Every structure is written in structure tokens, then in C-alpha cells.
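For reference, the structure is listed below as C-alpha cells.
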2 protein chains.
Amino acid sequence: MAADKKKKKRRREDSSSDSDSDSDGDTKTRPFKKRLNPDSLILSTLKTLVANQNTSSSKTLTLADLSLSSTCREVSDLPLSSVQSAIESLILSLSHSILSGHGFSFSVPSRSAANQLYVPELDRIVLKDKSSLRPYSSVSTVRKTTITTRILQLIHQLSTKSIHVTKRDLFYTDVKLFQDQTQSDAVLDDVSCILGCTRSSLNVIAAEKGVVVGRLLFSDNGDMIDCTKMGMGGKAIPPNIDRVGDMQSDALFILLVEKDAAYMRLAEDRFYNRFPCIIVTAKGQPDVATRLFLRKMKMELKLPVLALVDSDPYGLKILSVYGCGSKNMSYDSANLTTPDIKWLGVRPSDLDKYKIPEQCRLPMTEQDIKTGKDMLEEDFVKKNPGWVEELSLMVKTKQKAEIQALSSFGFQYLSEVYLPLKLQQKDWL
Amino acid sequence: MAADKKKKKRRREDSSSDSDSDSDGDTKTRPFKKRLNPDSLILSTLKTLVANQNTSSSKTLTLADLSLSSTCREVSDLPLSSVQSAIESLILSLSHSILSGHGFSFSVPSRSAANQLYVPELDRIVLKDKSSLRPYSSVSTVRKTTITTRILQLIHQLSTKSIHVTKRDLFYTDVKLFQDQTQSDAVLDDVSCILGCTRSSLNVIAAEKGVVVGRLLFSDNGDMIDCTKMGMGGKAIPPNIDRVGDMQSDALFILLVEKDAAYMRLAEDRFYNRFPCIIVTAKGQPDVATRLFLRKMKMELKLPVLALVDSDPYGLKILSVYGCGSKNMSYDSANLTTPDIKWLGVRPSDLDKYKIPEQCRLPMTEQDIKTGKDMLEEDFVKKNPGWVEELSLMVKTKQKAEIQALSSFGFQYLSEVYLPLKLQQKDWL
């Protein structure tokens with residue numbers, strides 16, 4: 001190994017920091033390790049946090065609280081029987097209209113950007129009250145009206161059978177009519193808005209890709225799941241949230257992780273046993289199932305949610321989708337968003353603070369910088385001065401870094417030093 | 001609903017088959033339902049299949065059996081301690097070479113296409129014995145030699161700590177040297193070949209995306225998992241196969257599903273309780289973790305594997321990756337491939353046989369047709385005359401169809417009619 005060691009030494013000399021060798025657990029090569037308090041101290045800090053959480057956020061504001069229920073629109077989770085009767089009433093009123101000689105048309109809430117509103121008090125995007133008429137008797141809307149009727153019929157079928165299907169299944173039941181899946185998907189969102197219920201209430205589910213591990217017990221379709229006993233792979237988050245229930249936990253917080261590499265590190269090290277927590281990831285872009293699951297955990301367990309994302313505009317974007325929703329499903333923001341997510345890391349200021357070596361930082365592309373600047377204008381960033389400061393720093397330094405950049409201090413630096421220190425210092429925004 | 005019904009009726013008349021309404025479970029709208037035998041009869045058919053499986057395929061051929069061990073190369077699963085000592089011996093021999101004045105160089109097995117061979121008796125791709133020298137003292141190879149040494153050092157570190165990391169983590173430990181991840185990834189494969197062990201043995205894991213549900217018990221990192229009690233979401237397949245063990249099952253077969261939509265249908269309907277089986281999917285392209293997991297199940301449980309893929313060239317391609325490996329990991333084909341996977345469906349001949357409506361079939365693109373024709377030349381297709389016939393039919397008719405196309409006969413047609421009938425008729429190739 002002699003040649004290799006010599007070479008390593010040479011490289012070290014021109015490197016700004018000791019980026020390798022954590023085989024001896026040397027604190028010199030693992031910055032800040034010596035600043036760590038004993039776990040018991042960190043744990044007692046966290047316990048006060050949960051206590052606060054239980055008292056402070058017990059009341060969630062609604063549109064009605066803000067006197068916005070007449071000007072804004074929201075859907076809610078409805079039981080299957082209500083979906084069924086809502087469809088039946090709708091069809092009945094359409095029949096009346098036809099029989100009385102007025103033909104039939106749907107009144108469809110607009111889902112366009114112009115009809116969307118960010119409500120700071122709610123900290124999420126909602127839909128305003130604009131609607132448009134979709135008459136059967138017009139050449140321009142006859143196809144869409146037919147598709148809407150057909151989707152309503154299919155949803156009614158699902159509700160009588162009490163089964164779940166994917167959007168793809170739905171499309172294939174009548175390819176000739178729908179022509180391509182974007183058409184049936186769009187009308188499905190319309191139907192959600194028309195009936196005033198969530199897409200999950202319609203029993204149409206999206207492919208799930210999230211996993212969860214740690215101090216959580218819950219039931220999935222009648223089976224009781226213990227997420228401390230899910231090995232390293234974890235439990236796949238169920239696609240149908242309505243069959244999830246009985247959540248129990250002794251965790252002190254929920255750790256929301258952007259990517260699966262970091263998730264796997266924490267799962268293998270059983271980080272949740274050292275600091276009682278629930279670890280969840282959607283492996284990149286948040287999917288609907290993971291967003292619903294996170295919200296359900298937050299609401300039922302009343303735990304703080306700490307987010308670990310890449311230090312780039314997309315990390316913050318992902319945080320925002322969990323937190324205040326995506327624009328194309330704003331009609332369902334109440335059910336899909338998790339309020340009060342804290343930005344734990346990796347934050348732009350961490351790069352210097354934790355001495356992330358220069359070579360592990362990446363220069364931002366023009367597109368990155370533009371995205372970052374655009375996000376500075378977004379309401380959900382502006383309402384949090386700490387986030388504005390961090391994002392401004394990112395755009396100014398033009399540097400980004402992935403969570404994995406912490407591996408430059410050793411593979412387990414994330415779970416053994418960085419996260420414990422963050423928790424100890426309550427270093428989140 | 002009057003207008004809608006009339007419209008539906010009209011559409012039915014010009015449609016080749018009754019593609020909608022399964023609300024009444026009418027056999028007329030669900031072709032072949034009446035041909036189904038009672039489940040008990042189908043089950044007894046399946047039981048004889050498993051019995052045969054246990055006697056016939058107990059012996060798996062190896063390179064040595066074919067006297068190919070000197071001309072072909074394969075890696076094997078090594079315990080961590082062997083990996084560690086292999087690295088130490090290698091470094092020791094390099095030091096000797098340096099001290100005796102010969103400098104140092106690695107002998108690296110070639111992984112190029114020209115050095116690959118499909119062995120029909122093994123039914124998988126293996127690596128031939130060509131190697132090249134990678135000397136430190138040459139300008140053209142000095143960087144790669146340095147990277148190789150560094151990767152060896154990092155792997156040695158993993159082996160002493162007994163932890164798993166991702167390829168991305170590995171890259172970030174020395175970004176300055178590796179420059180970009182393709183370089184560290186490629187050398188990682190080289191190191192596998194040099195040490196003669198699988199990449200999993202090196203404790204470097206890939207992100208996992210597969211899920212499993214059904215009649216399987218196994219241990220994941222010490223936790224016992226019961227896959228009949230995993231609700232609809234199923235159990236995420238662990239990324240580190242070396243921590244998976246103690247597999248037990250009363251299943252009669254393994255159902256390998258290409259996509260998650262079909263997987264979810266079967267999981268929700270608890271298909272595995274009607275026909276005892278294990279259902280597994282990688283949600284599209286097979287990842288390494290799912291391939292290793294499938295092979296382990298097949299080997300330990302000695303169950304037949306039946307594949308349900310789309311009726312297009314990519315469905316067959318996916319089947320082939322599970323079955324005989326991908327070209328860029330052919331050095332590890334023995335561990336990554338599952339022998340004797342049967343093509344259950346959806347097969348090109350099923351489109352007419354099951355009267356899949358014309359509008360649910362899609363025309364193949366030029367690229368599809370080319371891919372199909374190319375695959376007709378592949379050894380793994382040619383050795384199975386049934387496959388050649390099916391693929392030729394696909395290329396001839398220029399039609400493809402997804403598994404979801406079966407939803408045109410009702411959302412549960414897949415689980416209630418198509419699959420039971422396939423099993424009853426032992427209709428696989």
C-alpha cells in the first residue's frame with residue numbers, strides 16, 4: 001500500500017481539507033465531531049420540541065377560518081359511499097336538465113394558473129372560484145363532456161366494487177374514447193373538482209415509490225406494520241392512503257429525506273434507534289402517496305418534520321411541494337401538503353460551516369441560477385426570512401452540493417456527526 | 001344517465017368486442033370467464049409443476065461443468081473477510097513488484113462487448129478471458145491506475161467497517177480524483193472483476209426500487225418479514241442482498257410482474273391467497289437488487305418463475321435481463337440471473353386469443369419494430385422456439401399492448417380471469 005499512501009499524502013497537501021480516511025474515526029478528519037454533546041442531552045432538547053408541537057399547532061387553519069370558503073375552492077377526503085351518492089345526484093340533475101329540454105352541461109372548476117392563489121395564513125396554494133361550463137351541445141366541448149360522463153361512470157363502478165385502480169387502468173377501459181392518457185388524466189382532475197373530493201377518494205391511485213422506516217406502527221389494508229422491523233429496505237408506502245390507519249409512534253420527529261442514498265445510510269445505521277424518529281423518502285420528486293402519508297403522520301402523530309434535501313434549487317423545490325403543494329394539484333392542497341416543514345439541511349450556509357471541500361461543491365448552471373432567482377420570488381420562500389437568506393446565499397455563491405457530499409468526511413459522517421449536531425443545535429429554519 | 005347509456009350502446013355496436021361495463025360480472029363482457037375451472041383443479045395442476053421443479057432443476061450447470069472455467073471468467077459472492085484479504089494480497093504483490101524495481105500495474109479483465117459470450121447451456125452471457133495491463137508508469141493509464149488503487153482502498157475501508165454505501169457515496173469521497181461518477185463507477189466494475197467477486201460483495205449497493213408481496217417469509221438485516229402481512233404497498237426489496245436470508249414459502253410459483261399497476265391490482269386483490277404465490281416487481285427496468293432477490297428466491301425456494309410483461313419488445317427485453325443478464329454486468333451473470341423464467345403473458349398471440357379490442361392495441365413504431373427484429377437475432381430468444389414464434393408474430397402484426405390493456409374487460413379481469421385461465425391451461429413458454 002506504500003505507493004498509494006504516499007500518493008494520498010501528496011493529494012492531501014494541496015487539498016483544502018482532509019477529505020479522506022475515516023477509518024480511525026479521527027476527529028481531525030471529521031470536522032465538528034468533538035462539538036457533539038452526549039446523546040442524552042440532545043434527546044432532552046428534542047423532547048421539549050415535541051411538547052411544544054403538541055400545544056402550538058393543534059389548530060390548523062381552514063379556508064372557512066379566513067372567510068375564504070366562498071371565494072376559494074377545496075376538495076376533501078370523502079368516504080366511498082359519499083362519492084357514489086355525489087355521482088348519482090349529479091347524474092340525476094343532468095337527467096332533469098335533459099328531460100326539461102335544456103340539454104346537459106357540466107360546471108367545471110378552472111384549474112388554470114390564473115385561478116390559483118397562495119394563501120400565506122394557510123401556507124399553501126388553493127384554487128379560486130372560477131368555473132366554466134362544459135356543454136354537450138357544443139362542437140368544441142362535446143368530446144370532453146362525453147369523456148367526463150364516462151369517467152364519472154367508471155368512478156361510480158369503482159365505488160360500488162370498492163377497488164383501487166391506476167390512471168393507466170382507467171385510460172385502458174376506453175382507449176377509443178380517451179385517445180391518449182393525458183385526456184383521461186385531465187378529466188379525472190376535473191371530476192375531483194366537480195365532486196369536491198380528493199383523487200384518492202375516487203379510488204384512483206398513482207404508482208407509489210416512497211419508503212418509510214423507523215419508529216412507526218401503522219395498519220396497511222388490515223395488516224399491522226412495525227417499521228422498526230423492516231430491515232434496511234423499509235416498508236413501501238401504500239398507494240391507497242384510505243387503507244392506512246392506526247398510526248402509533250414514540251418518535252420525537254419525522255426526518256424527510258430527499259434521496260434514497262441518504263435514506264439507506266440512515267436505515268442501515270438504524271439512526272432511528274439512536275434518535276427516535278421516522279425516516280421517510282419519496283426517492284426524488286415527491287409522489288402523491290408519499291405526500292399523503294407524510295401529512296397523515298404529521299397530523300395524527302403531531303411530530304415536527306425536518307427535511308434533509310440537496311443544497312440546490314431543486315432540493316428547496318421538493319421541500320415546497322411537500323410543504324405547500326404543486327400547482328397542478330392545488331385543488332387538493334389541503335390534503336396533500338404538510339404544514340410547517342423545517343429545512344434542516346443541507347443548506348447553502350452549511351457548505352462553509354461544515355467545511356465541505358471545494359471539489360465536492362458543484363458550480364450552478366445558468367438554469368440552476370435562474371430557477372433559484374425565480375424561487376426567491378415565490379410566496380412560500382418569501383414568508384420565511386431564513387429561507388430567503390439561504391437561497392440568496394446559494395444564488396450569490398453559485399455553488400450547490402448534494403447530501404452525498406458529506407461522504408467526503410467518511411461514509412457515516414451524515415448519521416454520526418452532521419445530523420446529531422444539527423439536532424443538538426436545533427439548526428433548522 | 002340515459003344519454004350516456006345510449007351513447008355507450010352505439011359505441012358497442014361498432015366495437016369488435018364488449019369492452020366496457022363489468023359491473024354485473026357478465027361473462028359475455030369478460031371473455032373466457034366461463035372456461036375457468038374451479039380453483040381447486042387449477043391448484044392441483046400447479047402443485048405437480050412444483051414437484052417437477054424440485055426434481056428436475058436441482059443441478060445448475062457452471063462454467064466448470066462445461067470445461068469453460070479457463071476461457072471464461074466469472075465472479076462470485078465472497079464474504080467480506082475474503083474481499084478484505086483479497087485486497088490485502090493484491091496490494092502486497094504490487095508492493096513486491098515496486099520494491100523489486102518493476103513498478104506496478106493492474107491486470108484488468110476486459111468488459112467490452114468483444115469479450116462477451118452467450119453460453120446456451122448456461123443460458124446467460126459470460127465474460128471471456130481477455131485482460132489488459134493498466135500500468136502506473138504510462139501517461140495514458142496513470143489516472144485510471146490511481147483511481148483503481150483509491151477504489152480498492154475505499155472498498156477495504158467498507159470491509160473493515162462492515163457497512164454498505166452507494167456508488168454516489170463512493171464518488172463523493174474523492175471528487176477531485178474521480179472528476180465524474182462514470183469514472184468511479186467504471187473502475188468499480190473493474191475492481192469486481194480484478195478481485196473476482198460480485199459488486200454486492202464489495203458492499204456497494206444500488207438504489208432499490210422493487211417490491212415484493214405474497215407467500216414469503218424472509219429476514220432483512222435481522223428482522224423477520226412476513227410478506228403476506230404487507231398490505232397493498234408490499235415490502236421494499238432490500239438493497240443489500242447479503243443481509244437477506246431465511247427464506248420460507250408455501251407458494252407454488254413466483255409471479256414476476258413488469259410494472260407496478262399490475263402489481264397493485266394483484267396485491268389489492270390478494271391474488272396470492274387464491275393461488276399461493278410470491279409477487280415481485282422492479283417497477284420497470286430491473287434493478288440489481290430485484291434481480292439478486294429474484295434469483296435468491298428461485299434458488300432457495302425452487303419455485304417456477306412466471307413472467308407477466310407488456311407485449312412489446314421491451315417487455316421481452318426486461319424478461320431477458322432477469323433471465324440471462326445485461327451486457328454491462330456480464331461478469332456477474334451467474335449471480336444476477338434467474339434461470340428458466342417462463343413467459344406467461346401478455347404474449348403477442350394473446351391479443352387475438354383474448355380478443356383484446358383493436359383500440360387497446362398500439363401500432364409499433366419504426367424503432368419498436370427494429371428492436372423486435374434485432375431481438376430475433378439474439379441467442380436468448382433463438383434458443384426458445386416458442387419465443388421466436390411469438391416475437392415474429394409481434395413484428396409481423398406490428399401491434400403491441402400493455403398489461404393494462406386487459407383492463408378493457410374490467411379492472412379485475414387480470415386477476416379474476418386472465419391469470420387464472422393462464423395457470424389452468426399452463427399457458428407459458
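Labels for the C-alpha cells follow display order: chains A, B, ..., residues from 1 in each chain, ligands from 1.
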Listing only residues of chain B within 6 Å of chain A, what is the closest atom pair and its distance in Å (to one decimal) for each, using only C-alpha atoms, sorted by chain and residue number ascending, as a tab-separated table?
```
residue	atom	partner	partner_atom	distance
B:Met1	CA	A:Ile91	CA	5.9
B:Ile91	CA	A:Met1	CA	5.6
B:Asp169	CA	A:Gln404	CA	5.7
B:Tyr172	CA	A:Ala405	CA	5.6
B:Thr173	CA	A:Ser408	CA	4.1
B:Val175	CA	A:Gln359	CA	5.8
B:Lys176	CA	A:Gln359	CA	5.4
B:Asp220	CA	A:Gly231	CA	4.6
B:Asn221	CA	A:Gly231	CA	4.8
B:Asp223	CA	A:Lys229	CA	5.2
B:Lys229	CA	A:Asp223	CA	5.2
B:Gly231	CA	A:Asp220	CA	4.6
B:Met232	CA	A:Pro238	CA	6.0
B:Gly233	CA	A:Pro238	CA	3.9
B:Gly234	CA	A:Ala236	CA	5.9
B:Lys235	CA	A:Lys235	CA	5.2
B:Ala236	CA	A:Ala236	CA	5.1
B:Ile237	CA	A:Gly233	CA	5.7
B:Pro238	CA	A:Gly233	CA	3.9
B:Gln359	CA	A:Lys176	CA	5.3
B:Cys360	CA	A:Val175	CA	5.8
B:Gln404	CA	A:Asp169	CA	5.7
B:Ala405	CA	A:Tyr172	CA	5.5
B:Ser407	CA	A:Thr173	CA	5.5
B:Ser408	CA	A:Thr173	CA	4.1
```
Check segment 305-426 of chain A with DSSP on the backbone and list each residue it calls strand (DSSP E or B), as JSON, numbers by chain.
-> {"A": [305, 306, 307, 308, 311, 341, 342, 343, 344, 345, 362, 363, 399, 400, 401]}
Any chance you can output those residues with all heavy atoms as a short mmCIF file (atom, residue, chain, number, x, y, z; two decimals), in the first residue's frame?
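New file again.cif:
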```cif
data_model
loop_
_atom_site.label_atom_id
_atom_site.label_comp_id
_atom_site.auth_asym_id
_atom_site.auth_seq_id
_atom_site.Cartn_x
_atom_site.Cartn_y
_atom_site.Cartn_z
N VAL A 305 -41.54 17.97 11.48
CA VAL A 305 -40.96 17.35 10.29
C VAL A 305 -39.70 18.11 9.91
O VAL A 305 -39.74 19.33 9.68
CB VAL A 305 -41.95 17.38 9.11
CG1 VAL A 305 -41.32 16.76 7.87
CG2 VAL A 305 -43.24 16.68 9.46
N LEU A 306 -38.57 17.42 9.86
CA LEU A 306 -37.30 18.04 9.49
C LEU A 306 -36.87 17.49 8.13
O LEU A 306 -36.88 16.27 7.94
CB LEU A 306 -36.24 17.72 10.55
CG LEU A 306 -36.64 18.02 12.00
CD1 LEU A 306 -35.53 17.58 12.96
CD2 LEU A 306 -36.94 19.51 12.17
N ALA A 307 -36.52 18.39 7.22
CA ALA A 307 -36.22 17.95 5.86
C ALA A 307 -34.73 17.98 5.57
O ALA A 307 -34.04 18.96 5.88
CB ALA A 307 -36.96 18.83 4.85
N LEU A 308 -34.26 16.89 4.97
CA LEU A 308 -32.87 16.80 4.55
C LEU A 308 -32.86 16.68 3.03
O LEU A 308 -33.23 15.64 2.48
CB LEU A 308 -32.22 15.56 5.18
CG LEU A 308 -30.77 15.27 4.82
CD1 LEU A 308 -29.85 16.36 5.35
CD2 LEU A 308 -30.34 13.91 5.37
N SER A 311 -28.53 20.76 -1.36
CA SER A 311 -28.40 22.21 -1.33
C SER A 311 -28.38 22.73 -2.77
O SER A 311 -27.34 23.10 -3.31
CB SER A 311 -27.12 22.61 -0.59
OG SER A 311 -26.97 24.01 -0.62
N ILE A 341 -42.96 22.38 7.64
CA ILE A 341 -41.77 21.55 7.49
C ILE A 341 -40.54 22.43 7.71
O ILE A 341 -40.47 23.54 7.20
CB ILE A 341 -41.71 20.92 6.08
CG1 ILE A 341 -42.92 20.03 5.85
CG2 ILE A 341 -40.43 20.12 5.89
CD1 ILE A 341 -42.96 19.38 4.49
N LYS A 342 -39.60 21.94 8.50
CA LYS A 342 -38.38 22.71 8.76
C LYS A 342 -37.27 22.28 7.81
O LYS A 342 -37.10 21.08 7.55
CB LYS A 342 -37.92 22.47 10.20
CG LYS A 342 -38.95 22.82 11.27
CD LYS A 342 -39.28 24.29 11.25
CE LYS A 342 -40.19 24.66 12.42
NZ LYS A 342 -40.74 26.01 12.26
N TRP A 343 -36.52 23.28 7.35
CA TRP A 343 -35.37 22.99 6.46
C TRP A 343 -34.15 22.73 7.34
O TRP A 343 -33.53 23.65 7.86
CB TRP A 343 -35.14 24.20 5.56
CG TRP A 343 -34.17 23.97 4.44
CD1 TRP A 343 -33.54 22.81 4.10
CD2 TRP A 343 -33.70 24.94 3.51
NE1 TRP A 343 -32.74 22.99 3.00
CE2 TRP A 343 -32.82 24.30 2.63
CE3 TRP A 343 -33.96 26.30 3.33
CZ2 TRP A 343 -32.16 24.97 1.59
CZ3 TRP A 343 -33.31 26.96 2.29
CH2 TRP A 343 -32.42 26.30 1.43
N LEU A 344 -33.85 21.45 7.52
CA LEU A 344 -32.74 21.06 8.39
C LEU A 344 -31.42 21.23 7.64
O LEU A 344 -30.47 21.81 8.14
CB LEU A 344 -32.94 19.60 8.81
CG LEU A 344 -31.95 19.02 9.81
CD1 LEU A 344 -32.20 19.56 11.20
CD2 LEU A 344 -32.04 17.49 9.85
N GLY A 345 -31.35 20.68 6.47
CA GLY A 345 -30.12 20.71 5.67
C GLY A 345 -30.36 20.01 4.38
O GLY A 345 -31.48 19.59 4.15
N LEU A 362 -20.55 21.83 -6.45
CA LEU A 362 -20.67 21.88 -7.90
C LEU A 362 -21.07 23.29 -8.30
O LEU A 362 -21.85 23.94 -7.60
CB LEU A 362 -21.73 20.88 -8.37
CG LEU A 362 -21.46 19.43 -7.99
CD1 LEU A 362 -22.71 18.58 -8.18
CD2 LEU A 362 -20.32 18.86 -8.83
N PRO A 363 -20.55 23.78 -9.40
CA PRO A 363 -20.99 25.10 -9.86
C PRO A 363 -22.42 25.00 -10.36
O PRO A 363 -22.81 24.01 -11.00
CB PRO A 363 -20.03 25.39 -11.03
CG PRO A 363 -19.58 24.06 -11.49
CD PRO A 363 -19.57 23.16 -10.30
N GLN A 399 -22.97 28.08 -5.92
CA GLN A 399 -22.50 26.74 -5.61
C GLN A 399 -23.64 25.88 -5.10
O GLN A 399 -24.51 26.36 -4.35
CB GLN A 399 -21.43 26.81 -4.50
CG GLN A 399 -20.09 27.29 -5.01
CD GLN A 399 -19.03 27.17 -3.93
OE1 GLN A 399 -19.32 27.34 -2.75
NE2 GLN A 399 -17.81 26.88 -4.35
N LYS A 400 -23.63 24.62 -5.51
CA LYS A 400 -24.62 23.69 -4.96
C LYS A 400 -23.90 22.45 -4.45
O LYS A 400 -22.72 22.24 -4.75
CB LYS A 400 -25.66 23.34 -6.02
CG LYS A 400 -25.09 22.72 -7.28
CD LYS A 400 -26.18 22.40 -8.30
CE LYS A 400 -25.56 21.75 -9.53
NZ LYS A 400 -26.58 21.38 -10.54
N ALA A 401 -24.60 21.64 -3.69
CA ALA A 401 -23.99 20.40 -3.18
C ALA A 401 -25.09 19.39 -2.88
O ALA A 401 -26.19 19.76 -2.47
CB ALA A 401 -23.18 20.68 -1.93
#
```
Leaving out Asp332 of chain A and any residue of its chain fewer than 5 positions from it, which residues lie within 9 Å of it when counting only C-alpha atoms, given as a short mmCIF file (atom, residue, chain, number, x, y, z; two decimals) with N, CA and C atoms, in the first residue's frame?
```cif
data_model
loop_
_atom_site.label_atom_id
_atom_site.label_comp_id
_atom_site.auth_asym_id
_atom_site.auth_seq_id
_atom_site.Cartn_x
_atom_site.Cartn_y
_atom_site.Cartn_z
N GLU A 74 -61.92 24.07 -2.31
CA GLU A 74 -61.07 22.99 -1.86
C GLU A 74 -61.82 21.68 -1.93
N VAL A 75 -61.09 20.62 -2.14
CA VAL A 75 -61.74 19.32 -2.13
C VAL A 75 -61.45 18.67 -0.79
N SER A 76 -62.21 17.67 -0.43
CA SER A 76 -61.92 17.00 0.83
C SER A 76 -62.00 15.49 0.63
N VAL A 126 -54.17 27.48 -3.10
CA VAL A 126 -55.54 26.97 -3.24
C VAL A 126 -56.12 27.44 -4.58
N LEU A 127 -57.29 26.89 -4.89
CA LEU A 127 -57.95 27.22 -6.15
C LEU A 127 -58.99 28.31 -5.88
N SER A 192 -62.58 15.33 -9.87
CA SER A 192 -62.28 15.60 -8.46
C SER A 192 -62.87 16.93 -8.04
N CYS A 193 -62.61 17.96 -8.87
CA CYS A 193 -63.07 19.30 -8.54
C CYS A 193 -64.60 19.39 -8.60
N CYS A 197 -64.08 16.25 -4.16
CA CYS A 197 -63.36 15.28 -3.32
C CYS A 197 -61.97 15.03 -3.88
N THR A 198 -61.10 14.46 -3.07
CA THR A 198 -59.72 14.22 -3.48
C THR A 198 -59.66 13.09 -4.50
N ARG A 199 -58.54 13.03 -5.21
CA ARG A 199 -58.39 11.96 -6.18
C ARG A 199 -58.31 10.61 -5.47
N GLY A 325 -47.54 22.34 -1.76
CA GLY A 325 -48.28 21.77 -2.88
C GLY A 325 -47.72 22.10 -4.25
N THR A 337 -50.62 18.56 1.43
CA THR A 337 -49.48 19.32 1.97
C THR A 337 -49.33 19.11 3.47
#
```
List every residue of segment 104-177 of chain B that DSSP, applied to the backbone, labels as helix (DSSP H, G or I), and write the result as a ChimeraX atom specification.
-> /B:113-115,142-161,167-172,175-177
Test item: residues at most 9 Å from Tyr272 of chain B, only C-alpha atoms, excluding those fewer than 6 positions along its chain, as a PDB file with all heavy atoms, in the first residue's frame:
```pdb
ATOM      1  N   VAL B 213     -44.580  -9.012  -2.468  1.00  0.00           N
ATOM      2  CA  VAL B 213     -45.737  -9.256  -1.623  1.00  0.00           C
ATOM      3  C   VAL B 213     -46.166 -10.697  -1.860  1.00  0.00           C
ATOM      4  O   VAL B 213     -45.873 -11.265  -2.911  1.00  0.00           O
ATOM      5  CB  VAL B 213     -46.870  -8.233  -1.946  1.00  0.00           C
ATOM      6  CG1 VAL B 213     -47.648  -8.615  -3.197  1.00  0.00           C
ATOM      7  CG2 VAL B 213     -47.813  -8.012  -0.777  1.00  0.00           C
ATOM      8  N   GLY B 214     -46.803 -11.307  -0.880  1.00  0.00           N
ATOM      9  CA  GLY B 214     -47.294 -12.667  -1.085  1.00  0.00           C
ATOM     10  C   GLY B 214     -46.732 -13.649  -0.082  1.00  0.00           C
ATOM     11  O   GLY B 214     -46.276 -13.265   1.000  1.00  0.00           O
ATOM     12  N   ARG B 215     -46.715 -14.926  -0.511  1.00  0.00           N
ATOM     13  CA  ARG B 215     -46.424 -16.007   0.432  1.00  0.00           C
ATOM     14  C   ARG B 215     -44.928 -16.187   0.634  1.00  0.00           C
ATOM     15  O   ARG B 215     -44.355 -17.207   0.243  1.00  0.00           O
ATOM     16  CB  ARG B 215     -47.044 -17.286  -0.099  1.00  0.00           C
ATOM     17  CG  ARG B 215     -48.509 -17.115  -0.477  1.00  0.00           C
ATOM     18  CD  ARG B 215     -49.395 -17.160   0.717  1.00  0.00           C
ATOM     19  NE  ARG B 215     -49.764 -18.533   0.943  1.00  0.00           N
ATOM     20  CZ  ARG B 215     -51.010 -19.002   0.841  1.00  0.00           C
ATOM     21  NH1 ARG B 215     -52.005 -18.185   0.570  1.00  0.00           N
ATOM     22  NH2 ARG B 215     -51.248 -20.264   1.060  1.00  0.00           N
ATOM     23  N   THR B 228     -47.032 -11.726   3.561  1.00  0.00           N
ATOM     24  CA  THR B 228     -48.493 -11.790   3.434  1.00  0.00           C
ATOM     25  C   THR B 228     -49.124 -10.703   4.284  1.00  0.00           C
ATOM     26  O   THR B 228     -50.316 -10.478   4.221  1.00  0.00           O
ATOM     27  CB  THR B 228     -49.067 -13.140   3.922  1.00  0.00           C
ATOM     28  OG1 THR B 228     -48.722 -13.307   5.305  1.00  0.00           O
ATOM     29  CG2 THR B 228     -48.536 -14.293   3.118  1.00  0.00           C
ATOM     30  N   ALA B 251     -45.575 -21.014  -1.343  1.00  0.00           N
ATOM     31  CA  ALA B 251     -46.070 -20.616  -2.659  1.00  0.00           C
ATOM     32  C   ALA B 251     -45.864 -21.746  -3.667  1.00  0.00           C
ATOM     33  O   ALA B 251     -45.019 -22.622  -3.473  1.00  0.00           O
ATOM     34  CB  ALA B 251     -45.363 -19.358  -3.129  1.00  0.00           C
ATOM     35  N   LEU B 266     -52.925  -6.945  -8.326  1.00  0.00           N
ATOM     36  CA  LEU B 266     -52.792  -8.278  -7.745  1.00  0.00           C
ATOM     37  C   LEU B 266     -52.627  -8.213  -6.232  1.00  0.00           C
ATOM     38  O   LEU B 266     -53.137  -9.061  -5.503  1.00  0.00           O
ATOM     39  CB  LEU B 266     -51.601  -8.999  -8.393  1.00  0.00           C
ATOM     40  CG  LEU B 266     -51.759  -9.216  -9.901  1.00  0.00           C
ATOM     41  CD1 LEU B 266     -50.444  -9.686 -10.519  1.00  0.00           C
ATOM     42  CD2 LEU B 266     -52.857 -10.240 -10.173  1.00  0.00           C
ATOM     43  N   ILE B 278     -45.727 -15.756  -4.870  1.00  0.00           N
ATOM     44  CA  ILE B 278     -44.995 -14.575  -4.437  1.00  0.00           C
ATOM     45  C   ILE B 278     -44.994 -13.615  -5.612  1.00  0.00           C
ATOM     46  O   ILE B 278     -44.643 -14.003  -6.726  1.00  0.00           O
ATOM     47  CB  ILE B 278     -43.542 -14.930  -4.066  1.00  0.00           C
ATOM     48  CG1 ILE B 278     -43.516 -16.000  -2.968  1.00  0.00           C
ATOM     49  CG2 ILE B 278     -42.771 -13.683  -3.639  1.00  0.00           C
ATOM     50  CD1 ILE B 278     -42.142 -16.635  -2.791  1.00  0.00           C
ATOM     51  N   ILE B 279     -45.410 -12.372  -5.389  1.00  0.00           N
ATOM     52  CA  ILE B 279     -45.492 -11.411  -6.487  1.00  0.00           C
ATOM     53  C   ILE B 279     -44.383 -10.395  -6.333  1.00  0.00           C
ATOM     54  O   ILE B 279     -44.210  -9.821  -5.255  1.00  0.00           O
ATOM     55  CB  ILE B 279     -46.868 -10.713  -6.493  1.00  0.00           C
ATOM     56  CG1 ILE B 279     -47.987 -11.768  -6.536  1.00  0.00           C
ATOM     57  CG2 ILE B 279     -46.992  -9.759  -7.667  1.00  0.00           C
ATOM     58  CD1 ILE B 279     -49.379 -11.202  -6.322  1.00  0.00           C
TER      59      ILE B 279
END
```
Determine, counting only C-alpha atoms, which protein, DNA and RNA residues have an atom within 12 Å of an atom of Gly386 of chain B; residues of the same chain fewer than 2 positions away are not included. Present the result as a list of chain:residue names.
-> B:Lys342, B:Trp343, B:Leu344, B:Arg347, B:Pro348, B:Ser349, B:Leu376, B:Phe380, B:Val381, B:Lys382, B:Lys383, B:Asn384, B:Val388, B:Glu389, B:Glu390, B:Leu391, B:Ser392, B:Leu393, B:Asp427, B:Trp428, B:Leu429
Using only C-alpha atoms, which residues sit within 10 Å of Leu423 of chain B once same-chain residues fewer than 5 positions away are excluded, as a list of chain:residue names?
->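 Residues meeting the cut-off are B:Leu36, B:Ile42, B:Leu43, B:Thr45, B:Leu46, B:Phe275, B:Leu306, B:Leu344, B:Tyr418, B:Trp428.
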Gln248 of chain A surroundings by only C-alpha atoms, 7 Å radius, close-in-sequence under 2 positions cut, as a list in words |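 The contact residues come out as Leu216, Leu217, Phe218 and Asp246 of chain A.
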Given the choices B:Ala86, B:Thr60, B:Arg73, B:Leu117, which gets closest to Glu378 of chain B if the distance is worked out from only C-alpha atoms?
->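 The answer is B:Leu117, which sits nearest to Glu378 of chain B.
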